file start_16.txt (compact mmCIF, C-alpha atoms)
# COMPACT_ATOMS: atom_id res chain seq x y z
CA MET A 527 130.01 45.84 96.11
CA ALA A 528 133.19 43.81 96.03
CA THR A 529 136.61 45.40 96.13
CA VAL A 530 138.52 45.99 92.92
CA GLU A 531 140.88 43.10 93.68
CA LYS A 532 137.99 40.75 94.33
CA GLN A 533 136.34 41.77 91.06
CA LYS A 534 139.57 41.20 89.22
CA GLU A 535 139.95 37.80 90.83
CA ILE A 536 136.46 36.70 89.74
CA LYS A 537 137.02 37.89 86.18
CA GLU A 538 140.30 36.00 86.14
CA LYS A 539 138.42 32.90 87.33
CA LEU A 540 135.90 33.24 84.49
CA ARG A 541 138.69 33.70 81.98
CA ASN A 542 140.61 30.67 83.22
CA ALA A 543 137.49 28.50 83.35
CA VAL A 544 136.90 29.19 79.64
CA ILE A 545 140.55 28.55 78.73
CA GLN A 546 140.61 25.38 80.84
CA TYR A 547 137.22 24.30 79.33
CA ASP A 548 135.86 23.72 82.81
CA GLU A 549 132.08 24.16 82.70
CA ASP A 550 131.57 23.66 86.42
CA ALA A 551 134.21 26.22 87.37
CA CYS A 552 132.71 28.64 84.88
CA LYS A 553 129.21 28.30 86.36
CA GLU A 554 130.61 28.69 89.85
CA ALA A 555 132.56 31.83 88.93
CA ALA A 556 129.51 33.28 87.18
CA GLN A 557 127.42 32.72 90.31
CA GLU A 558 130.14 34.31 92.39
CA ALA A 559 130.20 37.30 90.05
CA LEU A 560 126.46 37.80 90.59
CA SER A 561 126.56 37.34 94.34
CA GLU A 562 129.46 39.78 94.61
CA GLY A 563 127.49 42.30 92.59
CA LEU A 564 129.75 42.49 89.56
CA ASP A 565 128.37 44.17 86.48
CA ALA A 566 127.28 41.35 84.16
CA ASN A 567 128.62 43.11 81.07
CA ASP A 568 131.98 43.56 82.72
CA ALA A 569 132.08 39.89 83.75
CA ILE A 570 131.15 38.74 80.24
CA PHE A 571 133.58 40.92 78.28
CA ASN A 572 136.53 41.05 80.64
CA GLY A 573 136.07 37.49 81.90
CA LEU A 574 134.43 35.09 79.44
CA VAL A 575 135.26 36.85 76.17
CA SER A 576 138.79 37.63 77.28
CA GLY A 577 139.21 33.87 77.89
CA MET A 578 137.81 33.07 74.45
CA GLU A 579 140.24 35.55 72.87
CA GLU A 580 143.09 33.59 74.41
CA VAL A 581 141.53 30.36 73.15
CA GLY A 582 141.40 31.84 69.65
CA ARG A 583 145.08 32.67 69.90
CA MET A 584 145.92 29.17 71.17
CA PHE A 585 143.89 27.64 68.35
CA GLU A 586 145.81 29.61 65.77
CA ALA A 587 149.11 28.67 67.42
CA GLN A 588 147.90 25.03 67.25
CA GLU A 589 148.16 24.62 70.98
CA TYR A 590 144.45 23.83 70.99
CA PHE A 591 142.59 21.75 68.41
CA VAL A 592 138.92 21.49 67.48
CA PRO A 593 137.74 19.48 70.53
CA GLU A 594 139.35 21.86 73.02
CA MET A 595 137.93 24.88 71.23
CA LEU A 596 134.44 23.38 71.26
CA MET A 597 134.66 22.58 74.95
CA CYS A 598 135.85 26.13 75.66
CA ALA A 599 132.82 27.41 73.77
CA ASP A 600 130.58 25.15 75.86
CA ALA A 601 132.17 26.48 79.05
CA LEU A 602 131.64 30.06 77.84
CA TYR A 603 127.96 29.35 77.18
CA ALA A 604 127.56 27.77 80.63
CA GLY A 605 128.74 31.03 82.19
CA LEU A 606 126.85 33.19 79.70
CA ASP A 607 123.54 31.44 80.51
CA ILE A 608 123.91 32.56 84.12
CA LEU A 609 125.12 36.09 83.44
CA LYS A 610 122.97 37.00 80.46
CA PRO A 611 119.66 37.58 82.30
CA HIS A 612 121.49 40.26 84.33
CA VAL A 613 122.89 42.17 81.38
CA LYS A 614 121.57 45.69 81.19
CA GLN A 615 120.73 46.59 77.64
CA MET A 616 123.91 48.06 76.23
CA ASP A 617 123.71 51.30 74.35
CA LEU A 618 126.30 50.60 71.70
CA GLY A 619 124.66 52.54 68.94
CA VAL A 620 125.31 49.52 66.74
CA LYS A 621 123.11 46.87 68.28
CA GLY A 622 121.25 44.88 65.73
CA SER A 623 119.94 41.57 64.64
CA VAL A 624 121.49 38.91 62.48
CA VAL A 625 120.23 35.96 60.49
CA ILE A 626 122.73 33.10 60.37
CA GLY A 627 122.78 29.64 58.86
CA THR A 628 124.60 26.99 56.82
CA VAL A 629 123.32 26.88 53.24
CA GLU A 630 121.25 24.12 51.69
CA GLY A 631 122.98 20.76 51.22
CA ASP A 632 125.56 21.45 53.89
CA VAL A 633 125.43 20.03 57.41
CA HIS A 634 128.76 21.38 58.69
CA ASP A 635 127.87 23.95 61.31
CA ILE A 636 130.73 24.13 63.81
CA GLY A 637 132.12 27.37 62.41
CA LYS A 638 128.65 28.85 62.08
CA ASN A 639 127.88 28.01 65.71
CA ILE A 640 131.02 29.67 66.99
CA VAL A 641 130.34 32.83 65.03
CA LYS A 642 126.80 32.74 66.34
CA MET A 643 128.12 32.52 69.89
CA MET A 644 130.11 35.70 69.49
CA PHE A 645 127.03 37.53 68.22
CA ASP A 646 125.13 36.20 71.23
CA VAL A 647 127.81 37.55 73.52
CA ALA A 648 127.79 40.92 71.80
CA GLY A 649 124.11 41.28 72.59
CA PHE A 650 122.83 40.88 69.05
CA THR A 651 119.50 39.23 68.47
CA VAL A 652 120.44 36.08 66.59
CA TYR A 653 118.04 34.22 64.34
CA ASP A 654 119.79 30.90 63.84
CA LEU A 655 118.30 28.94 60.95
CA GLY A 656 120.56 25.97 61.68
CA ARG A 657 122.14 23.86 58.97
CA ASP A 658 121.04 22.64 55.55
CA VAL A 659 118.86 25.73 55.23
CA PRO A 660 116.76 26.07 52.03
CA LEU A 661 118.07 29.09 50.14
CA ASP A 662 114.85 31.12 50.14
CA SER A 663 114.57 30.76 53.94
CA PHE A 664 117.38 33.28 54.38
CA VAL A 665 115.51 35.88 52.38
CA LYS A 666 112.19 35.12 54.10
CA GLU A 667 113.73 35.26 57.56
CA GLN A 668 115.55 38.51 56.78
CA MET A 669 112.31 40.10 55.55
CA LYS A 670 110.36 38.79 58.53
CA THR A 671 112.84 39.96 61.17
CA ASP A 672 114.18 43.02 59.31
CA SER A 673 117.70 42.00 60.33
CA ASP A 674 120.72 44.20 59.61
CA LEU A 675 123.08 41.35 58.86
CA VAL A 676 122.89 37.97 57.14
CA CYS A 677 125.69 35.42 57.69
CA LEU A 678 126.04 32.49 55.30
CA SER A 679 128.26 29.49 55.88
CA ALA A 680 129.27 26.59 53.64
CA MET A 681 131.83 23.85 54.00
CA MET A 682 131.66 22.36 50.51
CA THR A 683 132.29 23.88 47.08
CA THR A 684 129.09 22.26 45.82
CA THR A 685 126.94 24.07 48.36
CA MET A 686 128.92 27.31 48.24
CA THR A 687 127.36 28.22 44.89
CA GLY A 688 124.01 28.48 46.68
CA MET A 689 125.33 31.56 48.46
CA LYS A 690 125.36 33.52 45.20
CA LYS A 691 121.65 32.96 44.75
CA VAL A 692 120.90 34.01 48.32
CA ILE A 693 122.97 37.17 47.92
CA ASP A 694 121.28 38.09 44.62
CA ASP A 695 117.82 37.52 46.10
CA LEU A 696 118.65 39.51 49.21
CA ARG A 697 120.03 42.39 47.15
CA THR A 698 116.92 42.66 44.99
CA LYS A 699 114.60 42.55 47.98
CA ASN A 700 116.64 44.66 50.33
CA PRO A 701 119.75 46.46 49.02
CA ASN A 702 120.79 47.74 52.46
CA VAL A 703 121.29 44.44 54.24
CA LYS A 704 124.91 43.50 55.06
CA ILE A 705 126.03 40.00 54.07
CA MET A 706 128.92 38.06 55.54
CA LEU A 707 130.29 34.75 54.21
CA GLY A 708 132.33 32.06 55.89
CA GLY A 709 133.48 28.48 55.42
CA ALA A 710 136.38 26.46 54.05
CA PRO A 711 135.88 26.90 50.26
CA VAL A 712 135.03 30.62 50.47
CA SER A 713 137.75 33.17 49.76
CA GLN A 714 137.94 36.96 49.59
CA ASP A 715 137.72 36.61 45.80
CA VAL A 716 134.56 34.57 46.06
CA ALA A 717 133.08 37.03 48.53
CA ASP A 718 133.87 39.91 46.16
CA LYS A 719 132.56 38.06 43.13
CA TYR A 720 129.34 37.08 44.89
CA GLY A 721 128.91 40.64 46.12
CA ALA A 722 129.14 40.00 49.87
CA ASP A 723 130.15 42.72 52.35
CA GLY A 724 132.33 40.63 54.61
CA TYR A 725 134.24 37.37 54.62
CA ALA A 726 135.89 35.05 57.19
CA LYS A 727 138.34 32.39 56.02
CA ASP A 728 137.53 29.43 58.28
CA ALA A 729 136.38 28.54 61.77
CA SER A 730 139.43 30.05 63.45
CA ASN A 731 139.33 33.21 61.35
CA ALA A 732 135.60 33.54 61.75
CA LEU A 733 136.24 33.34 65.46
CA LYS A 734 138.94 35.98 65.19
CA ASP A 735 136.79 38.24 63.04
CA ALA A 736 133.87 37.79 65.37
CA ILE A 737 136.16 38.54 68.31
CA ASN A 738 137.46 41.63 66.53
CA MET A 739 133.93 42.74 66.04
CA VAL A 740 133.12 42.19 69.72
CA SER A 741 136.32 43.99 70.69
CA SER A 742 135.37 46.99 68.60
CA LEU A 743 131.94 46.95 70.18
CA LYS A 744 133.66 46.89 73.52
CA LYS A 745 135.73 49.88 72.50
CA LEU A 746 132.62 51.78 71.44
CA LYS A 747 131.06 50.98 74.75
CA ASP A 748 134.13 52.17 76.65
CA GLU A 749 134.17 55.38 74.64
CA ALA A 750 130.49 55.94 75.30
CA GLU A 751 131.13 55.46 79.00
CA ALA A 752 134.12 57.80 78.97
CA LYS A 753 131.96 60.44 77.29
CA LYS A 754 129.27 59.97 79.90
CA LYS A 755 131.83 60.40 82.65
CA ALA A 756 133.31 63.51 80.98
CA LYS A 757 129.87 65.09 81.04
CA MET B 437 150.48 7.83 86.87
CA LYS B 438 148.49 5.03 85.27
CA VAL B 439 148.41 3.01 88.47
CA SER B 440 147.24 5.92 90.61
CA LEU B 441 144.58 6.94 88.07
CA ARG B 442 143.26 3.40 87.93
CA LYS B 443 143.22 3.17 91.71
CA GLU B 444 141.45 6.52 92.03
CA LEU B 445 138.68 5.39 89.68
CA LEU B 446 138.29 1.91 91.16
CA ASP B 447 138.15 3.40 94.67
CA HIS B 448 135.27 5.62 93.63
CA GLY B 449 133.00 3.03 92.12
CA ALA B 450 134.40 1.93 88.77
CA THR B 451 134.11 -1.80 88.18
CA VAL B 452 136.87 -2.00 85.58
CA VAL B 453 139.34 0.51 84.14
CA GLY B 454 141.58 -0.02 81.11
CA ILE B 455 143.88 2.11 79.01
CA ALA B 456 143.78 1.83 75.22
CA GLY B 457 146.45 3.06 72.84
CA LEU B 458 144.58 4.30 69.80
CA ARG B 459 147.26 5.95 67.70
CA GLY B 460 146.22 5.81 64.07
CA TYR B 461 142.67 4.66 64.82
CA LEU B 462 140.99 7.98 65.47
CA SER B 463 139.62 10.50 62.98
CA GLY B 464 141.45 13.78 62.40
CA GLU B 465 139.67 16.05 64.86
CA ILE B 466 140.50 13.89 67.87
CA ALA B 467 143.66 12.14 66.62
CA HIS B 468 145.91 14.01 69.05
CA LEU B 469 144.08 12.44 72.03
CA ASP B 470 145.29 8.94 71.32
CA ARG B 471 145.03 7.35 74.77
CA ALA B 472 141.62 6.27 75.96
CA VAL B 473 140.74 5.64 79.59
CA SER B 474 137.91 3.15 79.29
CA ILE B 475 135.69 3.02 82.36
CA GLY B 476 133.15 0.24 82.94
CA VAL B 477 130.50 0.17 85.65
CA ASP B 478 128.51 -2.93 86.51
CA ARG B 479 124.85 -2.15 85.86
CA ARG B 480 122.66 -3.10 88.73
CA LEU B 481 118.97 -2.52 88.89
CA ASN B 482 117.79 0.57 90.80
CA GLU B 483 121.17 2.17 90.74
CA ASP B 484 122.01 5.30 88.90
CA THR B 485 124.78 4.01 86.69
CA LEU B 486 124.75 7.06 84.46
CA SER B 487 125.41 9.59 87.21
CA LEU B 488 128.14 7.37 88.63
CA LEU B 489 129.80 7.22 85.21
CA ALA B 490 129.53 11.00 84.89
CA ARG B 491 131.17 11.43 88.30
CA LEU B 492 133.97 9.01 87.39
CA GLN B 493 134.60 10.84 84.13
CA LYS B 494 134.87 14.15 85.94
CA ARG B 495 137.31 12.58 88.37
CA ALA B 496 139.49 11.26 85.56
CA VAL B 497 139.37 14.64 83.78
CA ARG B 498 140.40 16.50 86.94
CA PHE B 499 143.18 14.00 87.60
CA LEU B 500 144.66 14.35 84.11
CA LYS B 501 144.19 18.10 83.80
CA ALA B 502 145.88 18.69 87.13
CA ARG B 503 148.92 17.00 85.60
CA GLY B 504 148.83 19.26 82.57
CA HIS B 505 147.21 16.96 80.01
CA ARG B 506 144.42 17.54 77.53
CA THR B 507 141.24 15.54 77.98
CA LEU B 508 137.98 14.88 76.19
CA ALA B 509 135.27 13.01 78.09
CA ILE B 510 132.91 11.03 75.86
CA PRO B 511 129.70 10.40 77.83
CA PRO B 512 127.82 7.08 77.72
CA ASP B 513 125.79 6.55 74.54
CA SER B 514 122.54 6.70 76.49
CA ASP B 515 123.35 10.05 78.11
CA ARG B 516 124.12 12.55 75.41
CA LYS B 517 123.08 16.13 75.42
CA LYS B 518 122.70 17.19 71.81
CA THR B 519 122.81 20.90 72.48
CA THR B 520 126.50 21.41 73.25
CA PHE B 521 129.19 22.24 70.70
CA ILE B 522 131.33 19.29 71.67
CA SER B 523 128.47 16.81 71.16
CA THR B 524 129.01 17.09 67.39
CA LEU B 525 132.25 15.15 67.84
CA TYR B 526 130.87 12.30 69.96
CA CYS B 527 129.78 10.34 66.90
CA LEU B 528 133.44 10.02 65.84
CA PHE B 529 134.09 7.67 68.68
CA ASN B 530 133.03 4.20 69.77
CA HIS B 531 133.18 3.09 73.42
CA LYS B 532 133.29 -0.62 72.62
CA MET B 533 136.28 -0.11 70.31
CA ALA B 534 138.12 1.60 73.15
CA ALA B 535 137.10 -1.09 75.65
CA THR B 536 138.34 -3.99 73.50
CA SER B 537 141.53 -2.07 72.74
CA ALA B 538 142.01 -1.56 76.49
CA GLY B 539 141.69 -5.30 77.03
CA LEU B 540 138.45 -5.12 79.00
CA GLY B 541 136.76 -7.77 76.86
CA TRP B 542 135.65 -8.73 73.37
CA ILE B 543 132.59 -8.05 71.24
CA GLY B 544 130.20 -10.94 71.79
CA LYS B 545 127.90 -12.52 69.25
CA ASN B 546 125.19 -10.24 70.66
CA GLY B 547 127.24 -7.23 69.56
CA LEU B 548 127.96 -6.11 73.11
CA LEU B 549 131.17 -5.84 75.07
CA ILE B 550 131.69 -9.09 76.98
CA SER B 551 133.98 -8.87 79.98
CA PRO B 552 135.32 -12.25 81.11
CA LYS B 553 134.22 -11.48 84.65
CA TYR B 554 131.13 -9.28 84.26
CA GLY B 555 129.81 -10.39 80.88
CA PRO B 556 127.70 -7.90 78.89
CA ARG B 557 126.67 -6.13 82.08
CA LEU B 558 129.01 -3.14 81.97
CA SER B 559 128.04 0.41 81.10
CA LEU B 560 130.86 2.25 79.39
CA ALA B 561 132.24 5.75 79.31
CA THR B 562 135.58 6.94 77.96
CA VAL B 563 137.98 9.79 78.64
CA LEU B 564 140.39 10.55 75.80
CA THR B 565 143.70 12.15 76.68
CA ASP B 566 147.13 12.99 75.33
CA ALA B 567 148.83 11.82 78.56
CA ARG B 568 151.42 9.14 77.79
CA LEU B 569 149.70 6.38 79.76
CA ARG B 570 151.01 2.90 79.08
CA ALA B 571 148.38 1.03 77.09
CA ASP B 572 146.97 -2.32 78.18
CA ALA B 573 147.11 -5.30 75.83
CA PRO B 574 144.10 -5.29 73.50
CA VAL B 575 141.73 -8.22 73.03
CA GLU B 576 141.83 -9.34 69.41
CA HIS B 577 139.24 -12.11 69.05
CA GLY B 578 135.83 -13.05 70.37
CA GLN B 579 135.78 -15.83 72.94
CA CYS B 580 132.15 -16.84 72.76
CA GLY B 581 133.13 -20.13 71.08
CA LYS B 582 130.26 -22.55 70.53
CA CYS B 583 127.86 -20.78 72.87
CA MET B 584 124.58 -20.01 71.07
CA LEU B 585 122.40 -18.91 73.98
CA CYS B 586 121.85 -15.32 72.90
CA ILE B 587 121.10 -16.44 69.34
CA GLU B 588 118.53 -18.97 70.54
CA HIS B 589 116.84 -16.58 72.92
CA CYS B 590 116.70 -13.51 70.71
CA PRO B 591 112.95 -12.94 70.11
CA SER B 592 113.58 -11.07 66.85
CA LYS B 593 116.18 -13.54 65.52
CA ALA B 594 118.46 -10.59 64.91
CA ILE B 595 121.78 -12.19 65.94
CA THR B 596 123.72 -13.59 63.00
CA GLY B 597 126.03 -15.76 65.10
CA LEU B 598 129.30 -14.54 63.63
CA GLU B 599 132.29 -14.37 65.94
CA TRP B 600 134.00 -10.96 66.24
CA SER B 601 137.65 -10.46 65.42
CA ARG B 602 139.44 -7.13 65.27
CA SER B 603 141.39 -7.98 62.14
CA SER B 604 138.52 -9.31 60.06
CA PRO B 605 136.56 -6.84 57.93
CA PHE B 606 133.35 -5.43 59.34
CA GLU B 607 130.45 -7.81 59.30
CA GLU B 608 127.05 -7.38 60.82
CA LEU B 609 126.85 -9.30 64.10
CA VAL B 610 123.35 -8.13 64.91
CA ARG B 611 120.71 -7.11 62.36
CA LEU B 612 119.94 -3.86 64.11
CA GLY B 613 116.83 -3.14 62.08
CA GLU B 614 115.19 -6.31 63.38
CA CYS B 615 116.31 -5.73 66.94
CA ARG B 616 114.91 -2.21 66.77
CA SER B 617 111.58 -3.18 65.24
CA HIS B 618 111.12 -5.77 67.99
CA LYS B 619 111.73 -3.11 70.62
CA THR B 620 109.38 -0.67 68.87
CA GLY B 621 106.68 -3.32 68.87
CA LYS B 622 107.31 -4.00 72.52
CA ARG B 623 107.01 -0.31 73.32
CA GLN B 624 103.59 -0.19 71.68
CA MET B 625 102.47 -3.24 73.68
CA THR B 626 103.84 -2.46 77.11
CA GLY B 627 104.95 1.16 76.97
CA LYS B 628 108.56 0.12 77.50
CA PRO B 629 111.10 -0.76 74.84
CA ASN B 630 112.96 -3.14 77.16
CA CYS B 631 114.26 -6.42 75.86
CA GLY B 632 117.77 -7.25 76.97
CA LEU B 633 117.37 -11.05 76.78
CA CYS B 634 120.77 -11.33 75.06
CA ILE B 635 122.28 -9.61 78.10
CA ASN B 636 120.40 -11.67 80.66
CA ILE B 637 121.16 -15.02 79.13
CA CYS B 638 124.90 -14.53 78.64
CA PRO B 639 126.74 -17.02 80.86
CA TYR B 640 129.68 -14.68 81.41
CA GLY B 641 129.21 -12.89 84.71
CA ARG B 642 125.78 -14.45 85.17
CA LYS B 643 126.49 -16.68 88.11
CA GLU B 644 127.93 -13.83 90.08
CA ALA B 645 124.84 -11.74 89.48
CA ASN B 646 122.63 -14.56 90.82
CA THR B 647 124.58 -15.25 93.99
CA GLN B 648 124.47 -11.64 95.10
call {"tool": "encode", "arguments": {"input": "start_16.txt", "output": "structure tokens"}}
result
Amino acid sequence: MATVEKQKEIKEKLRNAVIQYDEDACKEAAQEALSEGLDANDAIFNGLVSGMEEVGRMFEAQEYFVPEMLMCADALYAGLDILKPHVKQMDLGVKGSVVIGTVEGDVHDIGKNIVKMMFDVAGFTVYDLGRDVPLDSFVKEQMKTDSDLVCLSAMMTTTMTGMKKVIDDLRTKNPNVKIMLGGAPVSQDVADKYGADGYAKDASNALKDAINMVSSLKKLKDEAEAKKKAK
Amino acid sequence: MKVSLRKELLDHGATVVGIAGLRGYLSGEIAHLDRAVSIGVDRRLNEDTLSLLARLQKRAVRFLKARGHRTLAIPPDSDRKKTTFISTLYCLFNHKMAATSAGLGWIGKNGLLISPKYGPRLSLATVLTDARLRADAPVEHGQCGKCMLCIEHCPSKAITGLEWSRSSPFEELVRLGECRSHKTGKRQMTGKPNCGLCINICPYGRKEANTQ
């Protein structure tokens, strides 16, 4: 097992590789993490995700624009692909599955993909329906997979109205499912009016919300570990 | 910086390198990266042009990043992974536009980039950046003149024969549907979609290819 400094150094490398959108460096650091025996969860959350948090901040501060953010996400995935097979199943108490997609008529899926990535990182099982998804597919997929969460995305006001129908259908079939909306034309008002449980303003806010969610999961995990240690 | 970047790329296998100033020509998402490093590699048979272009792009990216600049590498059209996030932005950009703006050549009647020295035999890749590189002088007009060779030799008669000019409104130089259907037919016959007669016949850069 590597020393604490060495572990810290590798996590710093992962973080920087994501911020610098350097896929090769990210893969290299991920390999190093494995060969040095780092815990994969630790490397993902305190390396990759910590880097993506910084990217989210830079995006909001307009230091980074869309292309940089996308490349950072690609770098994160490059590292994640290597680390993920070594993740021990986390006992978060909140693990679950999520159905996600961009509603019918809409092909804009950048925001959806970034939200999806954060779910991936958090260890959720993600059923990605892709873009331009027929409205009844959401309901069918939710029923089939018995998912806890359904995320709907739309970029255009014309397609946004489709969300209402999906929400109504979901509610009649399964009142317990949580529904989250995102996309440029959606607002908190719309989310309330349509009867959704959660809302994210746009790609950068969806990212932030998703990061917040991952951070809270991280906290839960830390608490669980602290409890274990206390015993 | 421009000189050393160009030298670095030429030393490692690039055939031509040009810098295009594209302020005002790019769509919103990539508008802040308004300098394009256009890299051309002479295609030769049995050589892995694509991997060479990928290596050159990485070199340019490392060079610019090390100096604190943002970069976005746009891979060659024939080598695009569709699975990455960034690939959704590739369609916003056109390599030939960058190459003509960087003064590497003009768009020939066959719709391809024609370099005065290498003809339509270059494979292109581009690295966009916000580094303040001094832009090369763009090429504004086609220089094919009266030459009709590609039009005469095109088996699908897809080439309209119009001369390209940057300032004139878009007109179809090649009827792509016809070119494509010819290649589809060819694939059914021989298993390969290859045609490329309009490349082979072009007199620019041809002599050099023969003497080597």
call {"tool": "interface_residues", "arguments": {"input": "start_16.txt", "of": "chain B", "to": "chain A", "cutoff": "7 Å", "atoms": "only C-alpha atoms", "output": "PyMOL selection string"}}
result
chain B and resi 465-466+520-522
call {"tool": "closest_residue", "arguments": {"input": "start_16.txt", "among": "B:Ser537, B:Ser463, B:Thr562, B:Gln624", "to": "Ala490 in chain B", "atoms": "only C-alpha atoms"}}
result
B:Thr562
call {"tool": "atom_distance", "arguments": {"input": "start_16.txt", "atom1": "CA of Glu580 in chain A", "atom2": "CA of Cys552 in chain A"}}
result
15.6 Å
call {"tool": "atom_distance", "arguments": {"input": "start_16.txt", "atom1": "CA of Pro629 in chain B", "atom2": "CA of Met584 in chain B"}}
result
23.8 Å
call {"tool": "residues_around", "arguments": {"input": "start_16.txt", "residues": "Leu707 in chain A", "least_positions_apart": "5", "cutoff": "8 Å", "atoms": "all atoms listed in the file", "output": "VMD selection string"}}
result
chain A and resid 677 to 679 712 717 722 724 to 726
call {"tool": "atom_distance", "arguments": {"input": "start_16.txt", "atom1": "CA of Gly573 in chain A", "atom2": "CA of Leu500 in chain B"}}
result
24.8 Å
call {"tool": "closest_residue", "arguments": {"input": "start_16.txt", "among": "B:Met437, B:Ile455, B:Ala509, B:Ala538", "to": "Tyr526 in chain B", "atoms": "all atoms listed in the file"}}
result
B:Ala509
call {"tool": "build_atoms", "arguments": {"input": "start_16.txt", "residues": "range 640-657 of chain A", "atoms": "N, CA and C atoms", "output": "PDB file, in the frame of the given file"}}
result
ATOM      1  N   ILE A 640     130.081  28.866  66.214  1.00  0.00           N
ATOM      2  CA  ILE A 640     131.020  29.670  66.990  1.00  0.00           C
ATOM      3  C   ILE A 640     130.852  31.152  66.662  1.00  0.00           C
ATOM      4  N   VAL A 641     130.621  31.440  65.399  1.00  0.00           N
ATOM      5  CA  VAL A 641     130.340  32.830  65.030  1.00  0.00           C
ATOM      6  C   VAL A 641     129.067  33.302  65.716  1.00  0.00           C
ATOM      7  N   LYS A 642     128.077  32.416  65.711  1.00  0.00           N
ATOM      8  CA  LYS A 642     126.800  32.740  66.340  1.00  0.00           C
ATOM      9  C   LYS A 642     127.000  33.085  67.820  1.00  0.00           C
ATOM     10  N   MET A 643     127.860  32.298  68.464  1.00  0.00           N
ATOM     11  CA  MET A 643     128.120  32.520  69.890  1.00  0.00           C
ATOM     12  C   MET A 643     128.630  33.934  70.139  1.00  0.00           C
ATOM     13  N   MET A 644     129.546  34.380  69.274  1.00  0.00           N
ATOM     14  CA  MET A 644     130.110  35.700  69.490  1.00  0.00           C
ATOM     15  C   MET A 644     129.056  36.795  69.303  1.00  0.00           C
ATOM     16  N   PHE A 645     128.129  36.582  68.366  1.00  0.00           N
ATOM     17  CA  PHE A 645     127.030  37.530  68.220  1.00  0.00           C
ATOM     18  C   PHE A 645     126.161  37.535  69.472  1.00  0.00           C
ATOM     19  N   ASP A 646     125.904  36.334  69.988  1.00  0.00           N
ATOM     20  CA  ASP A 646     125.130  36.200  71.230  1.00  0.00           C
ATOM     21  C   ASP A 646     125.762  37.029  72.329  1.00  0.00           C
ATOM     22  N   VAL A 647     127.079  36.850  72.471  1.00  0.00           N
ATOM     23  CA  VAL A 647     127.810  37.550  73.520  1.00  0.00           C
ATOM     24  C   VAL A 647     127.701  39.056  73.341  1.00  0.00           C
ATOM     25  N   ALA A 648     127.786  39.489  72.082  1.00  0.00           N
ATOM     26  CA  ALA A 648     127.790  40.920  71.800  1.00  0.00           C
ATOM     27  C   ALA A 648     126.426  41.554  72.004  1.00  0.00           C
ATOM     28  N   GLY A 649     125.430  40.734  72.306  1.00  0.00           N
ATOM     29  CA  GLY A 649     124.110  41.280  72.590  1.00  0.00           C
ATOM     30  C   GLY A 649     123.243  41.451  71.363  1.00  0.00           C
ATOM     31  N   PHE A 650     123.669  40.878  70.240  1.00  0.00           N
ATOM     32  CA  PHE A 650     122.830  40.880  69.050  1.00  0.00           C
ATOM     33  C   PHE A 650     121.646  39.952  69.250  1.00  0.00           C
ATOM     34  N   THR A 651     120.570  40.217  68.540  1.00  0.00           N
ATOM     35  CA  THR A 651     119.500  39.230  68.470  1.00  0.00           C
ATOM     36  C   THR A 651     119.848  38.304  67.319  1.00  0.00           C
ATOM     37  N   VAL A 652     119.999  37.020  67.614  1.00  0.00           N
ATOM     38  CA  VAL A 652     120.440  36.080  66.590  1.00  0.00           C
ATOM     39  C   VAL A 652     119.279  35.192  66.172  1.00  0.00           C
ATOM     40  N   TYR A 653     119.009  35.164  64.883  1.00  0.00           N
ATOM     41  CA  TYR A 653     118.040  34.220  64.340  1.00  0.00           C
ATOM     42  C   TYR A 653     118.821  33.112  63.653  1.00  0.00           C
ATOM     43  N   ASP A 654     118.992  32.009  64.360  1.00  0.00           N
ATOM     44  CA  ASP A 654     119.790  30.900  63.840  1.00  0.00           C
ATOM     45  C   ASP A 654     118.880  29.950  63.073  1.00  0.00           C
ATOM     46  N   LEU A 655     119.119  29.832  61.766  1.00  0.00           N
ATOM     47  CA  LEU A 655     118.300  28.940  60.950  1.00  0.00           C
ATOM     48  C   LEU A 655     118.833  27.521  60.967  1.00  0.00           C
ATOM     49  N   GLY A 656     120.011  27.309  61.580  1.00  0.00           N
ATOM     50  CA  GLY A 656     120.560  25.970  61.680  1.00  0.00           C
ATOM     51  C   GLY A 656     121.373  25.599  60.461  1.00  0.00           C
ATOM     52  N   ARG A 657     121.348  24.307  60.112  1.00  0.00           N
ATOM     53  CA  ARG A 657     122.140  23.860  58.970  1.00  0.00           C
ATOM     54  C   ARG A 657     121.224  23.299  57.888  1.00  0.00           C
TER      55      ARG A 657
END
